[in-house]
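Written below as structure tokens is the structure these notes are about.
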Amino acid sequence: MILRKDSSAPCPTGSESASRRGEQAFPCPALRPFVDRYWTWEAGSSQSTLQPRFFPGTGMELIFHYGPPFNYRLGAGELRQAAPAHVMCLRETSAELFPAEHTGFLSVRLRSGAFNRFCPTPAGHLTDGFTDARDLFGVALGDMELRIAEAGDFFSRVALVEAFLLECFTARAGEWDERIFAAAQQLYYGYAEGIVDSALALAGVGIRQFQRRFQEDMGMGPRQFIKISRFHHAVRSLLLNEAESLLEVALQHGYYDQSHCIRDFRMFASMRPSEFLPVTPRMTHFYNTSRPAGFRDAP
């Protein structure tokens, strides 16, 4: 397992950072193609929201609370409380998270299309929701919430969650078609003309079947998937490379011009980049690359 303690990565700069604590860990080799990382967040009740705002995306988060579950709001909807263990799947709507007193949770960041490797319910059935994990994993979840709550530290919790994922991974062997997953990975990292045709060839099915299965497994069609992937890569570049201008980032990630990029910000973030950047922590771990410099394999 690749591990790193980092008490500042998820935290913004400024006085609030003392009330927040986060750590990260990378998965074992068997899960690395499907799990981007494990991360945790602890926050005091003095915070109004947990940053950053979660935008529509291509992956999913499997979240286990060991403190009181946070409240959340989807778009302009009503405030609701999350279940002790739940899956967050955002495709068209952004979400804000609001901490309860002594909020603490461990999250599994799943790569695009990876959820079905662990659970038979496809992402297309979970779009824009915070779904109770017990409704998805049933008895397989066992007393996981209690065991995580009783674990003494971050790495003990990671070990419990990783063991659970490996059990699900093994149980799903032979029941999962990896071709759509492979096609999604190709689309996520490519914006070039003809990339859909290339992904279609990789999937090995006809165009209508590909579109139907992609929609079911990802919760969106391939064209929308490409748009959201490009947006996320652009946001990551803006946050991690402060010296780059919006125009430079836009052109690097396949936008026609700066206004094209701004339109996507308005679509997916409901704000302009000039409104988003001042309120979002630079170098936030949520947008870090999958293998930041300085991470190492633990013995």
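Numbering starts fresh at 1 for the residues of each chain in the structure tokens, the chains themselves are lettered A, B, ... in the order given, and ligands are numbered from 1 as they appear.
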Just want the 12 Å neighbourhood of A:Ile228, counted on only C-alpha atoms, with same-chain residues fewer than 5 positions away dropped. Output as a ChimeraX atom specification.
/A:55-59,90-93,112,187-191,218,220-223,233-235,253,261,264-265,267-269
Residues at most 8 Å from A:Arg117, counting only C-alpha atoms, excluding those fewer than 6 positions away in the same chain, as a ChimeraX atom specification?
/A:34,168-169,172,176
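Reported to one decimal place, the separation of atom CA of A:Leu74 from atom CA of A:Ser94 is 6.0 Å.
Using only C-alpha atoms, the smallest distance between any of A:Tyr38, A:Phe137, A:Phe64, A:Tyr72 and A:Pro120 comes from A:Phe137.
Going from atom CA of A:Leu126 to atom CA of A:Ala159 covers 26.4 Å.
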